[in-house]
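**Q** Provided below: run.txt, containing compact mmCIF, C-alpha atoms and all ligand atoms.
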```txt
# COMPACT_ATOMS: atom_id res chain seq x y z
CA MET L 1 117.68 81.00 272.69
CA GLY L 2 118.42 81.23 268.98
CA ILE L 3 120.55 78.86 266.95
CA LYS L 4 123.58 80.05 265.06
CA VAL L 5 125.61 77.91 262.71
CA ALA L 6 129.15 79.23 262.45
CA LYS L 7 131.45 78.17 259.64
CA PHE L 8 135.16 78.91 259.97
CA GLY L 9 137.31 79.02 256.85
CA GLY L 10 140.84 77.70 256.35
CA THR L 11 142.70 80.85 257.35
CA SER L 12 140.62 81.01 260.54
CA LEU L 13 142.03 77.61 261.52
CA ALA L 14 145.49 77.84 259.98
CA ASP L 15 147.42 77.38 263.26
CA ALA L 16 147.07 77.15 267.04
CA ASN L 17 146.75 80.89 267.43
CA GLN L 18 143.86 81.00 264.98
CA PHE L 19 142.21 78.10 266.84
CA ARG L 20 142.40 80.23 270.00
CA LYS L 21 140.61 83.11 268.26
CA VAL L 22 137.95 80.70 267.02
CA LYS L 23 137.42 79.34 270.52
CA ASN L 24 137.00 82.88 271.89
CA ILE L 25 134.48 83.73 269.20
CA ILE L 26 132.47 80.57 269.87
CA SER L 27 132.50 80.94 273.64
CA SER L 28 131.51 84.61 273.48
CA ASP L 29 128.04 83.71 272.18
CA PRO L 30 126.10 80.70 273.58
CA GLU L 31 123.95 80.68 270.44
CA ARG L 32 126.91 79.47 268.35
CA VAL L 33 125.99 75.84 268.76
CA TYR L 34 126.83 74.16 265.46
CA ILE L 35 130.31 74.74 264.12
CA VAL L 36 131.47 73.86 260.61
CA PRO L 37 135.24 74.02 260.08
CA SER L 38 137.34 73.98 256.91
CA ALA L 39 140.78 72.38 256.87
CA PRO L 40 143.73 74.55 257.98
CA GLY L 41 144.61 77.01 255.23
CA LYS L 42 147.65 79.15 254.57
CA ARG L 43 149.42 80.78 257.54
CA ASP L 44 151.03 83.27 255.18
CA LYS L 45 151.04 83.79 251.46
CA ASP L 46 153.87 81.31 250.79
CA ASP L 47 152.36 78.58 252.93
CA GLU L 48 150.43 75.52 251.74
CA LYS L 49 146.81 74.64 252.40
CA ILE L 50 146.20 71.23 253.97
CA THR L 51 143.63 70.44 251.26
CA ASP L 52 146.17 71.16 248.51
CA MET L 53 148.72 68.94 250.24
CA LEU L 54 146.21 66.12 250.47
CA TYR L 55 145.39 66.38 246.76
CA GLU L 56 149.13 66.18 246.17
CA CYS L 57 149.33 63.02 248.30
CA HIS L 58 146.64 61.45 246.18
CA LYS L 59 148.40 62.43 242.96
CA ALA L 60 151.77 61.14 244.14
CA ALA L 61 150.26 57.79 245.19
CA LYS L 62 148.46 57.50 241.87
CA HIS L 63 151.73 57.97 239.97
CA GLY L 64 153.61 55.57 242.22
CA GLU L 65 155.61 58.45 243.75
CA ASP L 66 156.48 59.08 247.37
CA TYR L 67 153.31 60.37 249.03
CA LEU L 68 154.49 59.62 252.56
CA LYS L 69 156.78 62.64 252.58
CA ILE L 70 153.86 64.94 251.81
CA PHE L 71 151.55 63.20 254.26
CA GLU L 72 154.21 63.63 256.93
CA LYS L 73 153.91 67.41 256.44
CA VAL L 74 150.12 67.21 256.85
CA ARG L 75 150.54 65.21 260.03
CA LYS L 76 153.09 67.68 261.37
CA ARG L 77 150.75 70.63 260.80
CA PHE L 78 147.98 68.93 262.78
CA ASP L 79 150.34 67.69 265.49
CA GLU L 80 151.71 71.21 266.00
CA ILE L 81 148.19 72.55 266.54
CA VAL L 82 147.34 69.74 268.95
CA SER L 83 150.47 70.12 271.03
CA GLU L 84 150.50 73.94 271.11
CA LEU L 85 146.93 73.97 272.31
CA GLY L 86 147.47 71.04 274.66
CA VAL L 87 144.42 69.21 273.27
CA ASP L 88 144.04 65.74 274.74
CA ILE L 89 143.59 63.78 271.53
CA ASP L 90 145.53 60.98 269.89
CA LEU L 91 145.16 61.00 266.11
CA SER L 92 147.80 58.37 265.33
CA ALA L 93 145.33 55.60 264.45
CA HIS L 94 143.56 57.98 262.05
CA TYR L 95 146.85 59.03 260.44
CA GLU L 96 147.82 55.37 259.96
CA PHE L 97 144.47 54.53 258.43
CA ILE L 98 144.42 57.52 256.09
CA GLN L 99 148.00 56.87 255.03
CA TRP L 100 147.13 53.29 254.26
CA GLN L 101 144.04 54.36 252.31
CA ILE L 102 146.11 56.76 250.21
CA GLY L 103 148.51 53.91 249.44
CA GLU L 104 145.52 51.76 248.44
CA LYS L 105 144.61 54.47 245.87
CA ALA L 106 141.64 55.93 247.72
CA SER L 107 139.67 58.49 245.69
CA PRO L 108 140.86 62.12 245.55
CA ASP L 109 137.63 63.16 247.30
CA TYR L 110 138.29 60.83 250.21
CA VAL L 111 141.89 61.97 250.59
CA ALA L 112 141.08 65.70 250.32
CA SER L 113 138.21 65.42 252.80
CA ARG L 114 140.54 64.17 255.54
CA GLY L 115 141.70 67.74 256.14
CA GLU L 116 138.26 68.78 257.40
CA PHE L 117 137.75 65.37 259.07
CA LEU L 118 140.87 65.75 261.26
CA CYS L 119 140.52 69.49 261.79
CA GLY L 120 136.95 69.01 263.01
CA MET L 121 138.05 66.36 265.50
CA ILE L 122 140.70 68.61 267.00
CA LEU L 123 138.37 71.59 267.17
CA ALA L 124 135.55 69.57 268.78
CA LYS L 125 137.86 68.30 271.48
CA TYR L 126 139.40 71.74 272.01
CA ILE L 127 136.09 73.54 272.51
CA GLY L 128 134.30 70.64 274.23
CA TYR L 129 131.62 70.07 271.54
CA GLU L 130 130.46 66.72 270.21
CA TYR L 131 132.04 65.61 266.92
CA VAL L 132 129.63 64.57 264.17
CA ASP L 133 131.28 63.19 261.03
CA ALA L 134 129.82 64.87 257.94
CA ALA L 135 129.67 61.42 256.29
CA GLU L 136 126.84 60.57 258.71
CA VAL L 137 124.64 63.52 257.78
CA ILE L 138 125.49 64.97 254.34
CA PHE L 139 124.45 62.83 251.37
CA PHE L 140 124.91 63.06 247.62
CA ASN L 141 122.86 61.28 244.97
CA GLU L 142 124.05 59.11 242.07
CA LYS L 143 124.50 62.21 239.92
CA GLY L 144 126.87 63.67 242.48
CA GLU L 145 124.41 66.37 243.55
CA LEU L 146 123.45 67.03 247.14
CA ASN L 147 120.52 64.85 248.16
CA THR L 148 118.73 67.58 250.09
CA PRO L 149 115.76 65.68 251.59
CA ARG L 150 117.97 62.87 252.86
CA THR L 151 120.57 65.33 254.15
CA TYR L 152 118.12 67.62 255.94
CA GLU L 153 116.46 64.67 257.60
CA ALA L 154 119.75 63.10 258.66
CA VAL L 155 121.10 66.39 260.04
CA ARG L 156 117.89 67.03 261.97
CA ASN L 157 117.78 63.53 263.42
CA ARG L 158 121.43 63.44 264.32
CA LEU L 159 121.54 66.90 265.86
CA ALA L 160 118.20 66.62 267.65
CA GLY L 161 119.85 65.05 270.64
CA CYS L 162 123.05 66.99 270.36
CA LYS L 163 122.99 70.54 271.65
CA LYS L 164 126.49 71.54 270.55
CA ALA L 165 128.42 69.94 267.75
CA VAL L 166 131.27 70.34 265.29
CA ILE L 167 130.45 69.02 261.82
CA PRO L 168 133.37 69.17 259.36
CA GLY L 169 132.72 70.99 256.11
CA PHE L 170 133.40 70.14 252.45
CA TYR L 171 132.30 66.50 252.24
CA GLY L 172 129.57 63.95 252.71
CA SER L 173 128.70 60.39 251.68
CA LYS L 174 127.89 58.95 248.28
CA PRO L 175 124.56 57.06 248.13
CA PHE L 176 126.13 53.63 248.56
CA GLY L 177 129.14 54.53 250.67
CA GLY L 178 132.36 56.32 249.93
CA ILE L 179 133.16 59.99 250.33
CA LYS L 180 132.35 62.84 247.98
CA THR L 181 133.35 66.48 248.35
CA PHE L 182 131.68 69.64 247.14
CA SER L 183 133.75 71.74 244.76
CA ARG L 184 136.66 73.74 246.20
CA GLY L 185 135.68 76.12 248.97
CA GLY L 186 132.66 73.89 249.59
CA SER L 187 132.63 74.13 253.40
CA ASP L 188 130.56 77.27 252.81
CA ILE L 189 127.91 74.99 251.30
CA SER L 190 128.12 72.51 254.21
CA GLY L 191 127.54 75.36 256.66
CA SER L 192 124.58 76.62 254.69
CA VAL L 193 123.05 73.14 254.45
CA ILE L 194 123.41 72.55 258.20
CA ALA L 195 121.91 75.99 258.94
CA ARG L 196 118.96 75.21 256.72
CA ALA L 197 118.42 71.74 258.17
CA VAL L 198 118.35 72.94 261.79
CA GLU L 199 116.37 76.06 260.84
CA ALA L 200 119.03 78.30 262.28
CA ASP L 201 118.36 81.95 263.03
CA LEU L 202 121.66 82.97 261.51
CA TYR L 203 124.40 81.45 259.39
CA GLU L 204 127.74 83.01 260.27
CA ASN L 205 130.58 82.66 257.83
CA TRP L 206 133.88 83.53 259.49
CA THR L 207 136.74 84.27 257.16
CA ASP L 208 139.73 86.60 256.83
CA VAL L 209 137.93 89.67 255.49
CA SER L 210 135.26 91.79 257.14
CA GLY L 211 132.64 91.03 254.52
CA PHE L 212 132.06 92.25 251.00
CA LEU L 213 133.51 95.42 249.58
CA MET L 214 131.66 97.64 247.13
CA ALA L 215 134.32 97.07 244.48
CA ASP L 216 137.49 95.09 243.89
CA PRO L 217 140.20 96.67 246.14
CA ARG L 218 142.83 95.88 243.49
CA ILE L 219 141.07 98.40 241.27
CA VAL L 220 139.46 100.88 243.65
CA LYS L 221 141.53 102.17 246.58
CA ASN L 222 139.87 101.47 249.95
CA PRO L 223 136.40 100.73 248.67
CA LYS L 224 133.58 101.01 251.18
CA LYS L 225 132.36 97.89 252.90
CA ILE L 226 128.89 96.55 252.16
CA GLU L 227 127.01 96.49 255.48
CA LEU L 228 123.75 95.07 254.20
CA ILE L 229 122.98 93.22 250.99
CA THR L 230 120.08 91.12 249.77
CA TYR L 231 120.48 87.58 248.47
CA ARG L 232 119.48 88.78 245.02
CA GLU L 233 122.13 91.47 244.95
CA LEU L 234 124.72 89.08 246.27
CA ARG L 235 123.87 86.55 243.60
CA GLU L 236 124.42 89.22 240.91
CA LEU L 237 127.69 90.38 242.42
CA SER L 238 129.10 86.90 243.06
CA TYR L 239 128.14 85.76 239.61
CA MET L 240 130.03 88.71 238.22
CA GLY L 241 133.15 87.84 240.14
CA ALA L 242 132.89 89.15 243.71
CA THR L 243 134.20 86.17 245.64
CA VAL L 244 133.99 85.74 249.37
CA LEU L 245 131.40 82.98 249.64
CA HIS L 246 131.07 79.88 247.48
CA GLU L 247 128.40 80.70 244.89
CA ASP L 248 126.32 77.62 245.74
CA SER L 249 126.27 78.35 249.45
CA ILE L 250 123.58 80.98 249.11
CA PHE L 251 120.74 78.73 247.95
CA PRO L 252 120.01 76.48 250.98
CA VAL L 253 119.70 79.35 253.48
CA ARG L 254 118.07 81.68 250.99
CA GLN L 255 115.16 79.30 250.49
CA ALA L 256 114.48 79.42 254.22
CA GLY L 257 115.11 83.16 254.59
CA ILE L 258 118.03 82.62 257.00
CA PRO L 259 120.41 85.59 256.95
CA ILE L 260 124.14 85.10 256.41
CA ASN L 261 126.66 87.19 258.31
CA VAL L 262 130.15 87.24 256.79
CA ARG L 263 132.68 88.12 259.51
CA ASN L 264 136.38 88.38 260.13
CA THR L 265 137.98 85.97 262.62
CA ASN L 266 140.90 88.39 262.98
CA LYS L 267 138.61 91.36 263.70
CA PRO L 268 135.63 89.90 265.56
CA GLU L 269 134.64 93.37 266.79
CA GLU L 270 133.60 94.31 263.23
CA HIS L 271 130.06 93.45 262.18
CA GLY L 272 130.91 92.27 258.68
CA THR L 273 128.36 92.05 255.92
CA MET L 274 124.81 90.94 256.61
CA ILE L 275 123.05 89.14 253.76
CA VAL L 276 119.29 89.30 254.15
CA PRO L 277 116.23 88.11 252.20
CA ASP L 278 114.69 91.57 251.77
CA LEU L 279 115.34 95.10 252.72
CA PRO L 280 112.40 97.44 253.28
CA ALA L 281 112.68 100.57 251.14
CA GLU L 282 112.84 102.85 254.20
CA LYS L 283 115.91 101.00 255.40
CA ARG L 284 117.84 101.77 252.24
CA ASP L 285 119.78 104.95 252.40
CA TYR L 286 121.95 104.01 249.47
CA LEU L 287 121.28 103.32 245.79
CA ILE L 288 124.11 101.11 244.74
CA THR L 289 125.20 98.07 246.66
CA GLY L 290 128.26 97.09 244.71
CA ILE L 291 130.14 96.87 241.45
CA ALA L 292 131.66 93.70 240.03
CA GLY L 293 132.79 92.49 236.68
CA LYS L 294 134.61 89.93 234.63
CA LYS L 295 136.75 89.76 231.53
CA GLY L 296 136.65 87.09 228.86
CA PHE L 297 133.46 87.56 226.85
CA THR L 298 132.58 87.50 223.19
CA VAL L 299 129.67 89.49 221.79
CA ILE L 300 127.92 88.23 218.69
CA ALA L 301 125.89 91.12 217.25
CA MET L 302 123.29 90.45 214.56
CA GLU L 303 121.18 92.74 212.48
CA LYS L 304 118.26 91.88 210.24
CA ASP L 305 115.80 94.20 208.53
CA LYS L 306 112.37 93.92 210.13
CA MET L 307 113.69 91.52 212.76
CA ASN L 308 110.91 92.76 215.01
CA MET L 309 108.33 91.31 212.62
CA GLU L 310 110.05 87.99 212.10
CA LEU L 311 108.73 85.16 214.18
CA GLY L 312 111.34 82.82 215.61
CA PHE L 313 114.55 84.75 214.85
CA ALA L 314 115.78 84.67 218.44
CA ARG L 315 114.70 81.06 218.83
CA LYS L 316 116.73 80.00 215.79
CA VAL L 317 119.83 81.77 217.08
CA LEU L 318 119.42 80.37 220.57
CA SER L 319 118.84 76.84 219.35
CA VAL L 320 122.19 76.93 217.51
CA LEU L 321 123.87 77.74 220.80
CA GLU L 322 121.85 75.17 222.69
CA GLU L 323 122.70 72.43 220.20
CA GLN L 324 126.38 73.14 220.72
CA GLY L 325 125.99 73.07 224.50
CA ILE L 326 126.81 76.76 224.94
CA SER L 327 125.03 78.77 227.61
CA ILE L 328 124.70 82.50 227.16
CA GLU L 329 125.17 85.36 229.63
CA HIS L 330 123.07 88.20 228.21
CA MET L 331 120.93 88.98 225.23
CA PRO L 332 120.26 92.69 224.73
CA THR L 333 117.96 93.40 221.80
CA GLY L 334 116.96 96.35 219.63
CA ILE L 335 114.25 96.66 216.97
CA ASP L 336 116.33 95.06 214.25
CA THR L 337 119.28 93.91 216.32
CA LEU L 338 120.10 91.10 218.68
CA CYS L 339 123.30 90.65 220.66
CA ILE L 340 124.42 87.50 222.35
CA VAL L 341 127.05 87.74 225.05
CA VAL L 342 128.89 84.48 225.67
CA ALA L 343 131.78 83.65 228.00
CA GLU L 344 134.87 82.72 226.01
CA LYS L 345 135.27 79.65 228.21
CA GLN L 346 131.86 78.45 227.01
CA LEU L 347 132.63 79.06 223.37
CA GLY L 348 135.97 77.26 223.34
CA ASN L 349 136.85 76.66 219.72
CA LYS L 350 133.26 76.54 218.52
CA LEU L 351 132.95 80.20 217.45
CA GLU L 352 133.40 79.58 213.72
CA SER L 353 130.89 76.77 213.58
CA VAL L 354 128.39 78.78 215.66
CA ILE L 355 128.59 81.74 213.26
CA LYS L 356 128.24 79.46 210.26
CA LYS L 357 125.17 77.76 211.73
CA ILE L 358 123.53 81.06 212.72
CA LYS L 359 124.04 82.37 209.16
CA GLU L 360 122.41 79.23 207.76
CA THR L 361 119.45 79.00 210.09
CA ALA L 362 118.54 82.59 211.07
CA VAL L 363 119.97 84.35 207.98
CA PRO L 364 120.85 87.72 209.55
CA THR L 365 121.69 90.66 207.27
CA SER L 366 124.92 91.16 209.15
CA ILE L 367 126.72 89.40 211.94
CA GLU L 368 129.67 90.86 213.81
CA VAL L 369 131.85 89.35 216.47
CA ALA L 370 133.66 91.34 219.17
CA LYS L 371 136.12 89.31 221.20
CA GLY L 372 137.97 90.33 224.35
CA MET L 373 135.05 92.08 226.01
CA ALA L 374 134.54 92.67 229.71
CA LEU L 375 131.30 93.14 231.59
CA VAL L 376 130.84 95.51 234.50
CA ALA L 377 127.71 95.18 236.62
CA THR L 378 126.48 97.98 238.84
CA VAL L 379 124.09 96.35 241.28
CA GLY L 380 121.55 97.71 243.74
CA GLU L 381 117.88 97.08 244.44
CA GLY L 382 117.60 100.75 245.34
CA MET L 383 117.81 101.57 241.63
CA ILE L 384 114.23 100.53 241.01
CA ASN L 385 112.74 103.53 242.74
CA HIS L 386 115.22 106.17 241.71
CA GLN L 387 115.67 108.26 238.63
CA GLY L 388 118.94 109.28 237.10
CA ILE L 389 121.04 106.28 238.08
CA ALA L 390 121.85 105.34 234.50
CA ALA L 391 122.58 108.98 233.66
CA LYS L 392 125.08 109.20 236.53
CA LEU L 393 126.76 105.97 235.55
CA PHE L 394 127.11 106.80 231.86
CA ALA L 395 128.28 110.35 232.55
CA SER L 396 131.03 108.97 234.77
CA LEU L 397 132.00 106.35 232.16
CA ALA L 398 132.13 109.07 229.50
CA ASP L 399 134.25 111.34 231.74
CA SER L 400 136.71 108.49 232.13
CA GLU L 401 136.75 108.01 228.35
CA VAL L 402 135.40 104.48 228.53
CA ASN L 403 133.82 103.38 225.30
CA VAL L 404 130.63 101.50 226.19
CA ARG L 405 130.03 98.76 223.62
CA MET L 406 126.91 97.19 225.06
CA ILE L 407 124.27 98.01 227.67
CA ASP L 408 121.93 95.62 229.40
CA GLN L 409 119.63 96.46 232.23
CA GLY L 410 118.40 93.25 233.84
CA SER L 411 114.62 92.86 233.83
CA SER L 412 114.70 92.92 237.62
CA GLU L 413 115.94 96.53 237.34
CA MET L 414 118.53 95.92 239.97
CA ASN L 415 121.56 96.03 237.77
CA ILE L 416 122.99 97.83 234.81
CA ILE L 417 125.53 95.83 232.89
CA VAL L 418 127.87 97.49 230.46
CA GLY L 419 130.14 95.75 228.00
CA VAL L 420 133.52 97.39 227.45
CA GLU L 421 136.77 96.37 225.84
CA GLU L 422 138.97 94.39 228.20
CA GLU L 423 141.64 97.10 228.25
CA ASP L 424 139.02 99.54 229.58
CA TYR L 425 137.81 97.17 232.29
CA GLU L 426 139.64 98.64 235.31
CA LYS L 427 138.84 102.19 234.20
CA ALA L 428 135.16 101.26 233.88
CA VAL L 429 134.95 99.69 237.37
CA ALA L 430 136.61 102.76 238.91
CA ALA L 431 134.29 105.08 236.99
CA ALA L 432 131.18 103.18 238.06
CA TYR L 433 132.31 103.31 241.69
CA GLY L 434 133.18 106.99 241.44
CA ALA L 435 129.73 107.74 240.05
CA PHE L 436 128.02 106.70 243.27
CA VAL L 437 130.55 106.87 246.10
CA GLU L 438 132.32 110.07 247.09
N1 LIG L 501 139.29 72.87 252.33
C1 LIG L 501 138.50 72.91 251.13
C2 LIG L 501 139.21 73.75 250.08
O1 LIG L 501 140.30 74.21 250.30
C3 LIG L 501 137.10 73.34 251.37
C4 LIG L 501 136.95 74.68 252.03
O2 LIG L 501 137.91 75.23 252.55
O3 LIG L 501 135.84 75.22 252.02
O4 LIG L 501 138.67 73.93 249.02
```
When written as structure tokens, how does the structure in this file appear?

**A**
Amino acid sequence: MGIKVAKFGGTSLADANQFRKVKNIISSDPERVYIVPSAPGKRDKDDEKITDMLYECHKAAKHGEDYLKIFEKVRKRFDEIVSELGVDIDLSAHYEFIQWQIGEKASPDYVASRGEFLCGMILAKYIGYEYVDAAEVIFFNEKGELNTPRTYEAVRNRLAGCKKAVIPGFYGSKPFGGIKTFSRGGSDISGSVIARAVEADLYENWTDVSGFLMADPRIVKNPKKIELITYRELRELSYMGATVLHEDSIFPVRQAGIPINVRNTNKPEEHGTMIVPDLPAEKRDYLITGIAGKKGFTVIAMEKDKMNMELGFARKVLSVLEEQGISIEHMPTGIDTLCIVVAEKQLGNKLESVIKKIKETAVPTSIEVAKGMALVATVGEGMINHQGIAAKLFASLADSEVNVRMIDQGSSEMNIIVGVEEEDYEKAVAAAYGAFVE
């Protein structure tokens, strides 16, 4: 029998009814043996997430305000789930302890993590699985990064004798005690880490959408779903803004070649998106996997006569950025030209000093800055073996009257990135989608 690790997100556990769906999903497949829950999320769009409420508790306590009122709401949410499901569990001692800890100014990480801690306890009892506190098996180092060797060993040892378990997501232990969380949405990472540690056959990520779409549905009407995607493609798309999974959740399972299946708790009959290490060419009957993009970039374009002959021009430019702690996104080059694309968030208010420094050290003939740029990435490993992809894309962009300001084809030949003005962003995404999908 194979091993599946199934992570359920906040909306999948938002109330008793969602818990019932989760139980059905788990019991319908005996391979779903390790379950990683988030804390209850929003029941509808005006609702509050448990994690947000817990952060509020922490903040209120820190400012000497009334946190008990907020904690009471957290307690009520959990109690409603417990009583509606008729779970035989008494959480009062935990509530008292957590409440006291908040009053004693416990860290925000500790307070926020209690959502997953309590949710996991209820779920374990409800489905009859053992409860394993994440603090026992997930470890961070002094720098606040995941201590992977220690974590993998602890997970393996702890779960070796435990055939079915619920391990809450989002948090673990600091090296010398105390709780630390991953960044927001981090239960995805916990699930991935557990899957890697137990060498699972599949990491299932259950959420409220049936996987990834080929383009942002706010821009393209009813975009097609992505059935199959490689880790590499996913990395490109998520980096460019397609969000379903936490960006860091890909790495642990990817290293071990464990596929991820993103599925919808509300539509378990749908297969969702399967993320796989590789896709043999004969299995690909499509060229483009998806389109994603982001606004908020600045392009610094430099020209210098005979740049191609000058040793160290790019190095000088890049070292200016490095010295100022600015990381770059792309660097398309021509014979005598070099463009640097930087996220505005990275630049902050350093643009003027960066330009001044570049002029002093690299002495370009001209330097131009274009702010308010957007990038649109068209991604697909199928591009490598096909001709005419770029022609199709640029014809469609031209038909839609999008002015392309920059082009960059990644060296992996699995994406074409175009830079456009922010006001053309939506038009460009729609045009790129229209070029490949009827
Ligand atoms: N509950 C946490 C959050 O809201 C972690 C998670 O859901 O993955 O960020």

**Q** Got a sec: who's within 10 Å of region 409-416 of chain L, counting all atoms listed in the file, leaving out chain neighbours fewer than 4 positions off, as a count of residues only?

**A** 25

**Q** Excluding region 2-7 of chain L and any residue of its chain fewer than 4 positions from it, enumerate the residues within 7 Å of it, using only C-alpha atoms, and give them as an NGL selection string.

**A** :L and (31-37 or 188 or 191 or 195 or 200-206)

**Q** Can you tell me, as a ChimeraX atom specification, what residues are no more than 10 Å from Ile122 (chain L) when counting only C-alpha atoms, ignoring any on the same chain fewer than 2 positions away?

**A** /L:19,78-79,81-82,85,87-91,116-120,124-128,131,166

**Q** Can I get the residues close to ligand LIG 501 (chain L) as a PyMOL selection string, where close means within 7 Å and we count only C-alpha atoms and all ligand atoms?

**A** chain L and resi 9-10+38-39+49+51-52+115-116+169-170+183-188

**Q** Select all residues near (154.9, 65.1, 255.8) (cut-off 12 Å, inclusive, file coordinates), counting all atoms listed in the file, and output them as a PyMOL selection string.

**A** chain L and resi 50+53-54+56-57+66-79+95+99

**Q** Could you please take those selected residues and save C-alpha atoms as a PDB file, in the coordinates of the input?

**A**
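Contents of the output file out.pdb:
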```pdb
ATOM      1  CA  ILE L  50     146.200  71.230 253.970  1.00  0.00           C
ATOM      2  CA  MET L  53     148.720  68.940 250.240  1.00  0.00           C
ATOM      3  CA  LEU L  54     146.210  66.120 250.470  1.00  0.00           C
ATOM      4  CA  GLU L  56     149.130  66.180 246.170  1.00  0.00           C
ATOM      5  CA  CYS L  57     149.330  63.020 248.300  1.00  0.00           C
ATOM      6  CA  ASP L  66     156.480  59.080 247.370  1.00  0.00           C
ATOM      7  CA  TYR L  67     153.310  60.370 249.030  1.00  0.00           C
ATOM      8  CA  LEU L  68     154.490  59.620 252.560  1.00  0.00           C
ATOM      9  CA  LYS L  69     156.780  62.640 252.580  1.00  0.00           C
ATOM     10  CA  ILE L  70     153.860  64.940 251.810  1.00  0.00           C
ATOM     11  CA  PHE L  71     151.550  63.200 254.260  1.00  0.00           C
ATOM     12  CA  GLU L  72     154.210  63.630 256.930  1.00  0.00           C
ATOM     13  CA  LYS L  73     153.910  67.410 256.440  1.00  0.00           C
ATOM     14  CA  VAL L  74     150.120  67.210 256.850  1.00  0.00           C
ATOM     15  CA  ARG L  75     150.540  65.210 260.030  1.00  0.00           C
ATOM     16  CA  LYS L  76     153.090  67.680 261.370  1.00  0.00           C
ATOM     17  CA  ARG L  77     150.750  70.630 260.800  1.00  0.00           C
ATOM     18  CA  PHE L  78     147.980  68.930 262.780  1.00  0.00           C
ATOM     19  CA  ASP L  79     150.340  67.690 265.490  1.00  0.00           C
ATOM     20  CA  TYR L  95     146.850  59.030 260.440  1.00  0.00           C
ATOM     21  CA  GLN L  99     148.000  56.870 255.030  1.00  0.00           C
TER      22      GLN L  99
END
```

**Q** Restricting the calculation to all atoms listed in the file: of L:Arg263, L:Ser113, L:Asp336, L:Thr361, which residue gets closest to Phe8 (chain L)?

**A**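 Nearest to Phe8 (chain L): L:Arg263.
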
**Q** State, in Å with one decimal place, the distance from CA of Met307 (chain L) to CA of Val363 (chain L).

**A**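 Computing the Euclidean distance for CA of Met307 (chain L) and CA of Val363 (chain L) yields 10.7 Å.
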
**Q** Hey, what's within 9 Å of Lys21 (chain L) if we count all atoms listed in the file and toss same-chain stuff fewer than 4 positions away? As an NGL selection string, please?

**A** :L and (12-13 or 16-17 or 25-26 or 265-266 or 268)

**Q** Place a sphere of radius 10 Å on (129.3, 112.9, 237.7) in the file coordinates and name every protein, DNA or RNA residue with an atom inside or on its surface, counting all atoms listed in the file; give the answer as a list in words.

**A**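 Checking each residue against the 10 Å limit leaves Ala391, Lys392, Leu393, Phe394, Ala395, Ser396, Leu397, Ala398, Asp399, Ala431, Ala432, Gly434, Ala435 and Phe436 of chain L.
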
**Q** Between L:Gly372, L:Gly172, L:Gly86, L:Gly161, which has the minimum distance to Glu145 (chain L) (counting all atoms listed in the file)?

**A**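 Ranking L:Gly372, L:Gly172, L:Gly86, L:Gly161 by distance to Glu145 (chain L), first place goes to L:Gly172.
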
**Q** If we count all atoms listed in the file, what is near Val342 (chain L) at a cut-off of 9 Å, once residues fewer than 6 positions away on the same chain are taken out, given as a list in words?

**A**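 The neighbour list is Gly296, Phe297, Thr298, Val299, Ile300, Ile326, Ser327, Ile328, Glu329 and His330 of chain L.
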
**Q** By how many Å are CA of Ile102 (chain L) and CA of Thr181 (chain L) apart?

**A** 16.1 Å
